[in-house]
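The block underneath contains the structure these notes are about, expressed in structure tokens.
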Amino acid sequence: MPVIPGGRAGEPVRIPPGGPGGGGGNGRAPGGGDEEAARARAATMATWIVVAAVTLMFMGFTSTYVVRSAEPGWARQDLPSLLWWNTAVLLASSVIMEVARRRAARGAVQGARRALALTLVLGAAFVAGQVTAWLQWLAAGIAAAVSTHAAFFYLLTGTHAVHVAGGMGALIYGMWRLGRPGTTAQRAASLANIATYWHFVDVLWIYLFALLLW
Amino acid sequence: MAHGGTQAAVAGHATGAAHHHEPQSFWRRYIFSTDHKIIAIQYLLTSLVMAAVGGFLAMLMRVQLGWPGKEWPLLEAIMPNAFKGGQMNPDFYYGAITMHGTIMVFFFLTTALSGGFANFLIPLQIGARDMAFPVLNMLSFWAFPVSIAFALASFFVQGGAPGTGWTAYVPLSDRETAGQTLWLISVFILMLAFLAGGINYITTTLNMRTKGMSFSRLPLTVWALFVTALVGLFAFPALMAASLMLIFDRVGGTHFFDPAGGGDPILWQHLFWFFGHPEVYIVILPAMGIVSEVLAAHGRKPVFGYKYMVGSILTIAGLSFLVWGHHMFSSGMSPTLGSIFMATTLAIAIPSAIKTFNWLATIYRSKMRFTAASLYAIGFVSLFITGGLTGIILGNPSVDLYFHDTYFVVGHFHFIMGAAALFGVFAGIYHWFPKMFGRMMNERLGKIHFWLTFLGIYGTFFPMHFLGTAGMPRRIYNWDAYQFLGDVATLNHVISISAFVLGAAQLIFAYNLFYSMFRGPKAERNPWQANTLEWWAPSPPPHGNWDEAEPVVYRWPYEYSPKDAPEGVDHIPQWVPEPALATAGGDRAGSR
Ligand code: HEM
Ligand SMILES: [Cu+2]
């Protein structure tokens, strides 16, 4: 086996930044120096990937909805008016989430935490409200099997509520994370990701509500 | 290499690997591990066990198709329910079809490639210490056995495994027994697990590359696995949406797809194939990456047309979302739409041909070392050409209307998926086994395994094209009931016997694998004299992968037989700075 002179495997190789080989990569220094920063960037990216995947799943539902609603015999029931209140609650939660995010960015840990707690309460109120809306429809005899519109109502709101519940898990994680040692920048970054997701489920709900009304 | 010592060194090292302490307990180390290499091996071994289960079902199917109506007292003794009265029971046959397809596509190929190899190779080849999210990585692995449990449970519920095939077409899947619901839940969990895995592959490739590892220096395996994760990101949600709606139909009394309530079964087909066609690329793209890597390393030749290889991976991935309708030519689509899908389908032939010619150019006048790994890589190219050509035939709606749902299709997709992707997996295992387990596999057994498998595959799947032209339908239990199929009996005997040879050959592999894992000769760091970063790490790599600092990358990964290199140098690994070689490798390395 020909042995290459120099550069023996196993020897740690260090080169100055911008030295040979520096033309590419992500500029991450060897030795894991800013592995933290790389992981933080990865977390932000991961949040957006989750957003993309969830969006795509709802696109799948939407395409079915559009096709089915164009078919003859499509009948639309009036939605429970409670949904308007729920929408308001969810919008409010997004506003509070934004407050939490800004406070965390300023380093106001306690304030950010309180705001997160309030977001969590509003999120729970939204889910409870959706469940109430389902019970109202069921009481009125409109089960999922009654019409395709009803079926979509339960499918879309149910799947969405599960995603809100997931977001509530993220909120709890965020509250725990704020109490952990770390820099303001790290805390702000983690809350920014949670906020991205939370605003996303909010926007998603408005889209779904509009679709169901349409 | 004394890797025993280096492990201790890493565990106790103060710098670099300081926060990568190796977990000590058995459970945290080997069962609930967050180490990408352990997770990779977990995925790989689980997927091989599933391949054995799926292969066993295939053998049973071939027993029936080779000799329909014959009685098998021995099989009745082993499986009294499936062989009541000595003959295979039709429900069991159709359940076996479904589970065979599901297991092979999802639990074997997708898992082995996008679970096993992606986990093992991405961090090692980009010079990272682990995935970006190790805990998520562990969770996505553990969702996988849960998914398997749901799928296999369907065999044991009232009515048995669903008989709808892996495509679960409505309305049949709306009528099927409880097993179908379990199947749908299994698929849903699996998609979730694959998505979680994909998050790691994408973010790790984008963020965790070591210094110098630019995109133009990325090994083709990483390119392929990264793009595969992106394809999954776009494809899996469609099946998740579809399976959720079908679950609603089945348990909630809704009629999204069920025509009895005004539902639209064709919608299921659209959603399924919007996922399903990209899914076949999810298994073939990583295999393509592995083959490029193996051909270069064992052929001692740079990959021909690296940029075109990357470009064609991206093109294939993009086009794979525009062709799903070619599975539905016979579902009554308008001829205009059919022509559009034909055009996009045939367009995929172009990047595929680019890849094929580049492999051939890489093989041509190479100094190929005929190892088990390189034989499998060359075999892949052969199978890919055969399967690709029949794909072009089927891409024409007018021809496909005749061939659809005949054995011609079964022959086609088994060449591509059942065989080519399988060869990719084998090439990868023979090539990376030394790095995974620190020991060598037996080459001689590997070559015997290769030749039996290669001949077995051609003997099993090539004649299926003739069954198809003779008009034999797929998913048929008793083809002998049709008079016009009287002539295919001999072909079916040949196929079944080849299939048994093929199946038996895998026992050699299983023996070689498990024996070598524990008893094989110790492997060096770089037994194939390859260039990619994983070969810089000890065999097997310790927790945290690198003894000291991460490697730094100075060139592209295919510097084999470099021109103007000093006497005796036939390869320059990516981690070698070597200023003296700068003129030899420098300009090429810089430009790629
Ligand atoms: C020992 C090797 C194998 C044999 C003998 C075999 C045999 C068969 C047979 C007889 C069928 C049923 C055809 C029909 O009636 O539609 C089938 C279907 C199928 N096989 Fe294989 N197979 C083998 C390996 C594989 C592998 C490695 C894969 C991996 C992708 C695979 C994927 C499939 C798929 C996706 C189907 C379609 C199932 C469906 O339509 O529901 N097979 N195979
Ligand atoms: Cu296709």
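Identifiers in the structure tokens: chain A, B, ... in order shown; residue index from 1 per chain; ligand index from 1 in order shown.
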Counting only C-alpha atoms, which residues from chain B have an atom at most 7 Å from any atom of chain A, and could you show them as a PDB file with N, CA and C atoms, in the first residue's frame?
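The resulting file, out.pdb, is shown below:
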ATOM      1  N   GLY B  16     -11.214  19.505  22.680  1.00  0.00           N
ATOM      2  CA  GLY B  16     -11.891  19.014  21.483  1.00  0.00           C
ATOM      3  C   GLY B  16     -13.093  18.162  21.803  1.00  0.00           C
ATOM      4  N   ALA B 132     -26.897  16.719  14.194  1.00  0.00           N
ATOM      5  CA  ALA B 132     -27.221  17.972  14.865  1.00  0.00           C
ATOM      6  C   ALA B 132     -28.127  17.724  16.073  1.00  0.00           C
ATOM      7  N   ILE B 199     -34.969  15.526   9.186  1.00  0.00           N
ATOM      8  CA  ILE B 199     -34.594  16.813   9.783  1.00  0.00           C
ATOM      9  C   ILE B 199     -33.119  16.780  10.171  1.00  0.00           C
ATOM     10  N   THR B 203     -30.304  19.191   8.329  1.00  0.00           N
ATOM     11  CA  THR B 203     -29.639  20.228   9.127  1.00  0.00           C
ATOM     12  C   THR B 203     -28.175  19.869   9.385  1.00  0.00           C
ATOM     13  N   ASN B 207     -25.170  22.325   8.302  1.00  0.00           N
ATOM     14  CA  ASN B 207     -24.538  23.107   9.364  1.00  0.00           C
ATOM     15  C   ASN B 207     -23.295  22.517   9.994  1.00  0.00           C
ATOM     16  N   MET B 208     -23.105  21.216   9.886  1.00  0.00           N
ATOM     17  CA  MET B 208     -22.074  20.597  10.696  1.00  0.00           C
ATOM     18  C   MET B 208     -20.824  20.200   9.895  1.00  0.00           C
ATOM     19  N   ARG B 209     -20.705  20.682   8.672  1.00  0.00           N
ATOM     20  CA  ARG B 209     -19.535  20.294   7.882  1.00  0.00           C
ATOM     21  C   ARG B 209     -18.260  20.884   8.474  1.00  0.00           C
ATOM     22  N   THR B 210     -17.212  20.107   8.397  1.00  0.00           N
ATOM     23  CA  THR B 210     -15.946  20.570   8.959  1.00  0.00           C
ATOM     24  C   THR B 210     -15.308  21.590   8.027  1.00  0.00           C
ATOM     25  N   LYS B 211     -14.232  22.151   8.495  1.00  0.00           N
ATOM     26  CA  LYS B 211     -13.572  23.190   7.721  1.00  0.00           C
ATOM     27  C   LYS B 211     -13.073  22.640   6.391  1.00  0.00           C
ATOM     28  N   GLY B 212     -13.382  23.370   5.340  1.00  0.00           N
ATOM     29  CA  GLY B 212     -12.917  22.968   4.016  1.00  0.00           C
ATOM     30  C   GLY B 212     -13.902  22.093   3.260  1.00  0.00           C
ATOM     31  N   MET B 213     -14.923  21.574   3.970  1.00  0.00           N
ATOM     32  CA  MET B 213     -15.864  20.683   3.306  1.00  0.00           C
ATOM     33  C   MET B 213     -16.956  21.500   2.611  1.00  0.00           C
ATOM     34  N   SER B 214     -16.594  22.028   1.452  1.00  0.00           N
ATOM     35  CA  SER B 214     -17.580  22.798   0.703  1.00  0.00           C
ATOM     36  C   SER B 214     -18.498  21.839  -0.041  1.00  0.00           C
ATOM     37  N   LEU B 233     -38.974  14.920   2.601  1.00  0.00           N
ATOM     38  CA  LEU B 233     -39.660  16.051   3.223  1.00  0.00           C
ATOM     39  C   LEU B 233     -40.873  16.482   2.399  1.00  0.00           C
ATOM     40  N   PHE B 234     -40.747  16.392   1.079  1.00  0.00           N
ATOM     41  CA  PHE B 234     -41.868  16.793   0.232  1.00  0.00           C
ATOM     42  C   PHE B 234     -42.845  15.648  -0.032  1.00  0.00           C
ATOM     43  N   PRO B 237     -45.365  13.899   3.642  1.00  0.00           N
ATOM     44  CA  PRO B 237     -46.610  14.505   4.120  1.00  0.00           C
ATOM     45  C   PRO B 237     -47.828  14.140   3.276  1.00  0.00           C
ATOM     46  N   ALA B 238     -47.644  13.894   1.979  1.00  0.00           N
ATOM     47  CA  ALA B 238     -48.787  13.527   1.145  1.00  0.00           C
ATOM     48  C   ALA B 238     -49.371  12.201   1.610  1.00  0.00           C
ATOM     49  N   MET B 240     -48.995  10.916   4.572  1.00  0.00           N
ATOM     50  CA  MET B 240     -49.546  11.090   5.917  1.00  0.00           C
ATOM     51  C   MET B 240     -50.959  11.637   5.831  1.00  0.00           C
ATOM     52  N   ALA B 241     -51.154  12.643   4.984  1.00  0.00           N
ATOM     53  CA  ALA B 241     -52.493  13.198   4.818  1.00  0.00           C
ATOM     54  C   ALA B 241     -53.438  12.120   4.305  1.00  0.00           C
ATOM     55  N   GLY B 252     -64.160   6.398  11.175  1.00  0.00           N
ATOM     56  CA  GLY B 252     -65.026   7.527  11.496  1.00  0.00           C
ATOM     57  C   GLY B 252     -66.267   7.599  10.623  1.00  0.00           C
ATOM     58  N   GLY B 253     -66.400   6.669   9.696  1.00  0.00           N
ATOM     59  CA  GLY B 253     -67.588   6.651   8.849  1.00  0.00           C
ATOM     60  C   GLY B 253     -67.626   7.779   7.839  1.00  0.00           C
ATOM     61  N   THR B 254     -66.500   8.443   7.599  1.00  0.00           N
ATOM     62  CA  THR B 254     -66.492   9.505   6.591  1.00  0.00           C
ATOM     63  C   THR B 254     -66.343   8.890   5.198  1.00  0.00           C
ATOM     64  N   HIS B 255     -66.434   9.725   4.196  1.00  0.00           N
ATOM     65  CA  HIS B 255     -66.334   9.219   2.817  1.00  0.00           C
ATOM     66  C   HIS B 255     -65.412  10.083   1.990  1.00  0.00           C
ATOM     67  N   PHE B 256     -64.207  10.260   2.458  1.00  0.00           N
ATOM     68  CA  PHE B 256     -63.251  11.030   1.646  1.00  0.00           C
ATOM     69  C   PHE B 256     -62.968  10.302   0.345  1.00  0.00           C
ATOM     70  N   LEU B 267     -58.701  10.031  -5.999  1.00  0.00           N
ATOM     71  CA  LEU B 267     -57.943  10.963  -5.160  1.00  0.00           C
ATOM     72  C   LEU B 267     -56.894  10.232  -4.341  1.00  0.00           C
ATOM     73  N   TRP B 536     -10.421   8.223   7.861  1.00  0.00           N
ATOM     74  CA  TRP B 536      -9.413   8.862   8.702  1.00  0.00           C
ATOM     75  C   TRP B 536      -9.636   8.497  10.167  1.00  0.00           C
ATOM     76  N   GLU B 548      -8.898  13.472  17.983  1.00  0.00           N
ATOM     77  CA  GLU B 548      -8.519  14.793  18.504  1.00  0.00           C
ATOM     78  C   GLU B 548      -9.434  15.831  17.895  1.00  0.00           C
ATOM     79  N   ALA B 549      -8.873  16.653  17.037  1.00  0.00           N
ATOM     80  CA  ALA B 549      -9.695  17.644  16.364  1.00  0.00           C
ATOM     81  C   ALA B 549     -10.396  16.978  15.181  1.00  0.00           C
ATOM     82  N   GLU B 550     -11.441  17.626  14.695  1.00  0.00           N
ATOM     83  CA  GLU B 550     -12.047  17.119  13.476  1.00  0.00           C
ATOM     84  C   GLU B 550     -11.059  17.297  12.334  1.00  0.00           C
ATOM     85  N   PRO B 551     -11.184  16.457  11.315  1.00  0.00           N
ATOM     86  CA  PRO B 551     -10.281  16.601  10.178  1.00  0.00           C
ATOM     87  C   PRO B 551     -10.581  17.889   9.416  1.00  0.00           C
ATOM     88  N   VAL B 552      -9.599  18.323   8.665  1.00  0.00           N
ATOM     89  CA  VAL B 552      -9.776  19.478   7.796  1.00  0.00           C
ATOM     90  C   VAL B 552      -9.680  18.975   6.366  1.00  0.00           C
ATOM     91  N   VAL B 553     -10.481  19.563   5.506  1.00  0.00           N
ATOM     92  CA  VAL B 553     -10.586  19.036   4.152  1.00  0.00           C
ATOM     93  C   VAL B 553      -9.840  19.934   3.181  1.00  0.00           C
ATOM     94  N   TYR B 554      -9.048  19.289   2.326  1.00  0.00           N
ATOM     95  CA  TYR B 554      -8.207  20.065   1.413  1.00  0.00           C
ATOM     96  C   TYR B 554      -8.529  19.851  -0.055  1.00  0.00           C
ATOM     97  N   GLY B 568       4.424   5.897  -6.536  1.00  0.00           N
ATOM     98  CA  GLY B 568       3.769   5.052  -5.546  1.00  0.00           C
ATOM     99  C   GLY B 568       2.549   5.658  -4.881  1.00  0.00           C
ATOM    100  N   VAL B 569       2.228   6.884  -5.175  1.00  0.00           N
ATOM    101  CA  VAL B 569       1.034   7.481  -4.570  1.00  0.00           C
ATOM    102  C   VAL B 569      -0.142   7.264  -5.516  1.00  0.00           C
ATOM    103  N   ASP B 570      -1.114   6.462  -5.070  1.00  0.00           N
ATOM    104  CA  ASP B 570      -2.228   6.240  -5.985  1.00  0.00           C
ATOM    105  C   ASP B 570      -3.510   6.885  -5.493  1.00  0.00           C
ATOM    106  N   VAL B 576      -5.516  15.155   3.599  1.00  0.00           N
ATOM    107  CA  VAL B 576      -4.060  15.309   3.472  1.00  0.00           C
ATOM    108  C   VAL B 576      -3.732  16.692   2.926  1.00  0.00           C
ATOM    109  N   PRO B 577      -2.998  17.512   3.683  1.00  0.00           N
ATOM    110  CA  PRO B 577      -2.636  18.831   3.162  1.00  0.00           C
ATOM    111  C   PRO B 577      -1.502  18.715   2.146  1.00  0.00           C
ATOM    112  N   GLU B 578      -0.393  18.155   2.579  1.00  0.00           N
ATOM    113  CA  GLU B 578       0.767  17.840   1.749  1.00  0.00           C
ATOM    114  C   GLU B 578       1.082  18.880   0.686  1.00  0.00           C
TER     115      GLU B 578
END
Could the residues of chain B that have an atom at most 6 Å from ligand 1 be listed as JSON lines, each with its closest atom pair and the distance in Å to one decimal, counting only C-alpha atoms and all ligand atoms and ordered by chain and ascending residue number?
{"residue": "B:Gly55", "atom": "CA", "partner": "ligand 1", "partner_atom_place_in_ligand_line": "1 (C)", "distance": 5.1}
{"residue": "B:Ala58", "atom": "CA", "partner": "ligand 1", "partner_atom_place_in_ligand_line": "7 (C)", "distance": 4.8}
{"residue": "B:Met59", "atom": "CA", "partner": "ligand 1", "partner_atom_place_in_ligand_line": "5 (C)", "distance": 5.8}
{"residue": "B:Met61", "atom": "CA", "partner": "ligand 1", "partner_atom_place_in_ligand_line": "10 (C)", "distance": 5.4}
{"residue": "B:Arg62", "atom": "CA", "partner": "ligand 1", "partner_atom_place_in_ligand_line": "10 (C)", "distance": 5.7}
{"residue": "B:Ile97", "atom": "CA", "partner": "ligand 1", "partner_atom_place_in_ligand_line": "41 (O)", "distance": 5.2}
{"residue": "B:Thr98", "atom": "CA", "partner": "ligand 1", "partner_atom_place_in_ligand_line": "41 (O)", "distance": 4.5}
{"residue": "B:Gly101", "atom": "CA", "partner": "ligand 1", "partner_atom_place_in_ligand_line": "34 (C)", "distance": 3.8}
{"residue": "B:Met104", "atom": "CA", "partner": "ligand 1", "partner_atom_place_in_ligand_line": "29 (C)", "distance": 4.2}
{"residue": "B:Val105", "atom": "CA", "partner": "ligand 1", "partner_atom_place_in_ligand_line": "30 (C)", "distance": 4.5}
{"residue": "B:Gly165", "atom": "CA", "partner": "ligand 1", "partner_atom_place_in_ligand_line": "41 (O)", "distance": 2.9}
{"residue": "B:Trp166", "atom": "CA", "partner": "ligand 1", "partner_atom_place_in_ligand_line": "41 (O)", "distance": 4.1}
{"residue": "B:Val410", "atom": "CA", "partner": "ligand 1", "partner_atom_place_in_ligand_line": "13 (C)", "distance": 6.0}
{"residue": "B:His414", "atom": "CA", "partner": "ligand 1", "partner_atom_place_in_ligand_line": "31 (C)", "distance": 5.9}
{"residue": "B:Met417", "atom": "CA", "partner": "ligand 1", "partner_atom_place_in_ligand_line": "30 (C)", "distance": 4.4}
{"residue": "B:Gly418", "atom": "CA", "partner": "ligand 1", "partner_atom_place_in_ligand_line": "26 (C)", "distance": 3.4}
{"residue": "B:Ala419", "atom": "CA", "partner": "ligand 1", "partner_atom_place_in_ligand_line": "27 (C)", "distance": 5.9}
{"residue": "B:Leu422", "atom": "CA", "partner": "ligand 1", "partner_atom_place_in_ligand_line": "27 (C)", "distance": 6.0}
{"residue": "B:Arg474", "atom": "CA", "partner": "ligand 1", "partner_atom_place_in_ligand_line": "15 (O)", "distance": 3.8}
{"residue": "B:Arg475", "atom": "CA", "partner": "ligand 1", "partner_atom_place_in_ligand_line": "15 (O)", "distance": 2.9}
{"residue": "B:Ile476", "atom": "CA", "partner": "ligand 1", "partner_atom_place_in_ligand_line": "15 (O)", "distance": 5.2}
{"residue": "B:Ala499", "atom": "CA", "partner": "ligand 1", "partner_atom_place_in_ligand_line": "5 (C)", "distance": 4.8}
{"residue": "B:Leu502", "atom": "CA", "partner": "ligand 1", "partner_atom_place_in_ligand_line": "1 (C)", "distance": 6.0}
{"residue": "B:Gly503", "atom": "CA", "partner": "ligand 1", "partner_atom_place_in_ligand_line": "1 (C)", "distance": 5.4}
Dump of N, CA, C and O atoms for the selected residues, as a JSON list (two decimals), in the first residue's frame:
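Dumped to out13.json:
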[["chain", "number", "residue", "atom", "x", "y", "z"],
["B", 55, "GLY", "N", -38.46, -11.54, 2.68],
["B", 55, "GLY", "CA", -37.98, -12.55, 1.75],
["B", 55, "GLY", "C", -38.67, -13.88, 1.98],
["B", 55, "GLY", "O", -39.03, -14.59, 1.02],
["B", 58, "ALA", "N", -41.91, -13.78, 0.34],
["B", 58, "ALA", "CA", -41.77, -13.91, -1.11],
["B", 58, "ALA", "C", -41.61, -15.38, -1.50],
["B", 58, "ALA", "O", -42.18, -15.83, -2.50],
["B", 59, "MET", "N", -40.85, -16.10, -0.70],
["B", 59, "MET", "CA", -40.66, -17.52, -1.00],
["B", 59, "MET", "C", -42.01, -18.25, -0.96],
["B", 59, "MET", "O", -42.31, -19.09, -1.81],
["B", 61, "MET", "N", -44.89, -16.95, -1.51],
["B", 61, "MET", "CA", -45.66, -16.56, -2.70],
["B", 61, "MET", "C", -45.19, -17.37, -3.91],
["B", 61, "MET", "O", -46.00, -17.79, -4.73],
["B", 62, "ARG", "N", -43.88, -17.56, -3.99],
["B", 62, "ARG", "CA", -43.37, -18.30, -5.14],
["B", 62, "ARG", "C", -43.75, -19.78, -5.08],
["B", 62, "ARG", "O", -43.89, -20.44, -6.11],
["B", 97, "ILE", "N", -48.65, -10.68, 0.01],
["B", 97, "ILE", "CA", -48.26, -9.69, -1.01],
["B", 97, "ILE", "C", -48.12, -8.30, -0.39],
["B", 97, "ILE", "O", -47.12, -7.60, -0.57],
["B", 98, "THR", "N", -49.14, -7.94, 0.37],
["B", 98, "THR", "CA", -49.13, -6.61, 0.98],
["B", 98, "THR", "C", -47.93, -6.44, 1.89],
["B", 98, "THR", "O", -47.20, -5.45, 1.81],
["B", 101, "GLY", "N", -44.45, -6.40, 0.07],
["B", 101, "GLY", "CA", -44.15, -5.11, -0.56],
["B", 101, "GLY", "C", -43.86, -4.04, 0.48],
["B", 101, "GLY", "O", -42.88, -3.29, 0.37],
["B", 104, "MET", "N", -40.48, -4.74, 2.27],
["B", 104, "MET", "CA", -39.30, -4.53, 1.43],
["B", 104, "MET", "C", -39.08, -3.05, 1.13],
["B", 104, "MET", "O", -37.97, -2.54, 1.21],
["B", 105, "VAL", "N", -40.15, -2.34, 0.80],
["B", 105, "VAL", "CA", -39.98, -0.94, 0.43],
["B", 105, "VAL", "C", -39.67, -0.07, 1.66],
["B", 105, "VAL", "O", -38.71, 0.70, 1.66],
["B", 165, "GLY", "N", -52.28, -4.93, -1.15],
["B", 165, "GLY", "CA", -50.99, -4.53, -1.71],
["B", 165, "GLY", "C", -50.47, -3.28, -1.02],
["B", 165, "GLY", "O", -51.20, -2.62, -0.28],
["B", 166, "TRP", "N", -49.20, -2.96, -1.30],
["B", 166, "TRP", "CA", -48.60, -1.84, -0.56],
["B", 166, "TRP", "C", -49.20, -0.50, -0.99],
["B", 166, "TRP", "O", -48.96, 0.52, -0.35],
["B", 410, "VAL", "N", -44.19, -6.00, -12.59],
["B", 410, "VAL", "CA", -43.51, -6.63, -11.46],
["B", 410, "VAL", "C", -42.03, -6.83, -11.81],
["B", 410, "VAL", "O", -41.14, -6.56, -11.00],
["B", 414, "HIS", "N", -39.04, -4.77, -9.85],
["B", 414, "HIS", "CA", -38.09, -5.57, -9.08],
["B", 414, "HIS", "C", -36.66, -5.37, -9.57],
["B", 414, "HIS", "O", -35.73, -5.47, -8.77],
["B", 417, "MET", "N", -36.10, -1.58, -7.98],
["B", 417, "MET", "CA", -36.16, -1.48, -6.52],
["B", 417, "MET", "C", -35.68, -2.76, -5.88],
["B", 417, "MET", "O", -34.82, -2.78, -5.02],
["B", 418, "GLY", "N", -36.31, -3.86, -6.27],
["B", 418, "GLY", "CA", -36.01, -5.11, -5.59],
["B", 418, "GLY", "C", -34.58, -5.55, -5.81],
["B", 418, "GLY", "O", -34.03, -6.30, -5.02],
["B", 419, "ALA", "N", -33.96, -5.12, -6.91],
["B", 419, "ALA", "CA", -32.62, -5.63, -7.19],
["B", 419, "ALA", "C", -31.57, -4.52, -7.17],
["B", 419, "ALA", "O", -30.61, -4.60, -6.41],
["B", 422, "LEU", "N", -31.27, -3.06, -3.81],
["B", 422, "LEU", "CA", -30.71, -4.11, -2.96],
["B", 422, "LEU", "C", -29.20, -4.22, -3.17],
["B", 422, "LEU", "O", -28.43, -4.34, -2.21],
["B", 474, "ARG", "N", -50.66, -9.31, -12.37],
["B", 474, "ARG", "CA", -49.98, -9.36, -11.08],
["B", 474, "ARG", "C", -51.05, -9.49, -10.00],
["B", 474, "ARG", "O", -52.24, -9.33, -10.26],
["B", 475, "ARG", "N", -50.62, -9.78, -8.78],
["B", 475, "ARG", "CA", -51.53, -9.97, -7.67],
["B", 475, "ARG", "C", -52.61, -10.99, -8.01],
["B", 475, "ARG", "O", -53.79, -10.74, -7.86],
["B", 476, "ILE", "N", -52.14, -12.11, -8.48],
["B", 476, "ILE", "CA", -53.08, -13.17, -8.81],
["B", 476, "ILE", "C", -52.65, -14.41, -8.06],
["B", 476, "ILE", "O", -51.47, -14.73, -7.98],
["B", 499, "ALA", "N", -35.86, -18.11, -7.57],
["B", 499, "ALA", "CA", -36.12, -17.34, -6.34],
["B", 499, "ALA", "C", -35.62, -18.10, -5.12],
["B", 499, "ALA", "O", -35.08, -17.50, -4.19],
["B", 502, "LEU", "N", -31.94, -17.70, -5.02],
["B", 502, "LEU", "CA", -31.67, -16.34, -4.56],
["B", 502, "LEU", "C", -31.84, -16.23, -3.05],
["B", 502, "LEU", "O", -31.00, -15.65, -2.36],
["B", 503, "GLY", "N", -32.92, -16.81, -2.56],
["B", 503, "GLY", "CA", -33.17, -16.74, -1.12],
["B", 503, "GLY", "C", -32.09, -17.48, -0.35],
["B", 503, "GLY", "O", -31.57, -16.98, 0.66]]
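Residues in contact with ligand 2 (atom pairs separated by at most 8 Å; only C-alpha atoms and all ligand atoms) are Trp273, Gly276, His277, Pro278, Val280, Ser320, Val323, Trp324, Gly325, His326 and His327 of chain B.
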| Which residues, written as JSON, numbers by chain, have at least one atom at most 8 Å from Gly174 of chain A, with only C-alpha atoms counted and residues fewer than 4 positions away on the same chain left out? | {"A": [116, 170, 178, 190, 191, 194]}
| request: Write out as number ranges by chain all residues of chain A that DSSP puts in helix (DSSP H, G or I) for this structure's backbone. | output: A: 35-69, 82-106, 109-139, 148-178, 184-213
| Do you know which residues are at most 12 Å from Val203 of chain A counting only C-alpha atoms, after dropping those on the same chain fewer than 2 positions away, and could you put them as a PyMOL selection string? | chain A and resi 51+55+87+90-91+93-94+160+164+196-201+205-210
| said: Which residues are near Ile202 of chain B? Cut-off 8 Å, only C-alpha atoms, ignore same chain within fewer than 4 positions. Put them as a PyMOL selection string. | reply: chain B and resi 198+206+226+229-230
Could those selected residues go to a file with C-alpha atoms, as a PDB file, in the first residue's frame?
ATOM      1  CA  GLY B 198     -34.709  13.706   7.599  1.00  0.00           C
ATOM      2  CA  LEU B 206     -26.023  22.096   6.027  1.00  0.00           C
ATOM      3  CA  PHE B 226     -29.053  14.804   1.643  1.00  0.00           C
ATOM      4  CA  ALA B 229     -33.997  13.598   2.802  1.00  0.00           C
ATOM      5  CA  LEU B 230     -35.295  16.618   0.914  1.00  0.00           C
TER       6      LEU B 230
END
Ser47 of chain B: which residues within 6 Å, counting only C-alpha atoms, same-chain residues fewer than 5 positions away excluded, as a short mmCIF file (atom, residue, chain, number, x, y, z; two decimals) with C-alpha atoms, in the first residue's frame?
data_model
loop_
_atom_site.label_atom_id
_atom_site.label_comp_id
_atom_site.auth_asym_id
_atom_site.auth_seq_id
_atom_site.Cartn_x
_atom_site.Cartn_y
_atom_site.Cartn_z
CA PHE B 107 -38.89 -1.53 6.49
CA PHE B 108 -35.95 -2.78 4.48
CA ALA B 112 -31.37 0.49 5.47
#
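Rounded to one decimal, atom CA of Ala361 of chain B and atom CA of His298 of chain B lie 14.2 Å from each other.
Closest approach to Arg525 of chain B among B:Thr460, B:Ser539, B:Ser243, B:Ser331: B:Ser539, based on only C-alpha atoms.
Remark: for Trp451 of chain B, the closest of the candidate residues B:Ala372, B:Leu507, B:Tyr477, B:Val381 is B:Ala372 (distances computed over only C-alpha atoms).
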| message | With distances taken over only C-alpha atoms, which residue among A:Val127, A:Asp202, A:Gln77, A:Gly141 lies nearest Ala92 of chain A? | response | A:Asp202
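Distance-wise, atom CA of Ala188 of chain A and atom CA of Ala108 of chain A end up 10.2 Å apart.
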| Quick one: residues within 12 Å of Gly69 of chain B, only C-alpha atoms counted, chain neighbours fewer than 5 positions away excluded, as a ChimeraX atom specification? | /B:63-64,83,85-90,477-481
| remark: The distance between atom CA of Pro302 of chain B and atom CA of His571 of chain B is 9.5 Å
| task | Write out as an NGL selection string all residues of segment 339-572 of chain B that backbone DSSP assigns to strand (DSSP E or B). | result | :B and (406 or 439 or 473 or 522 or 560 or 571)
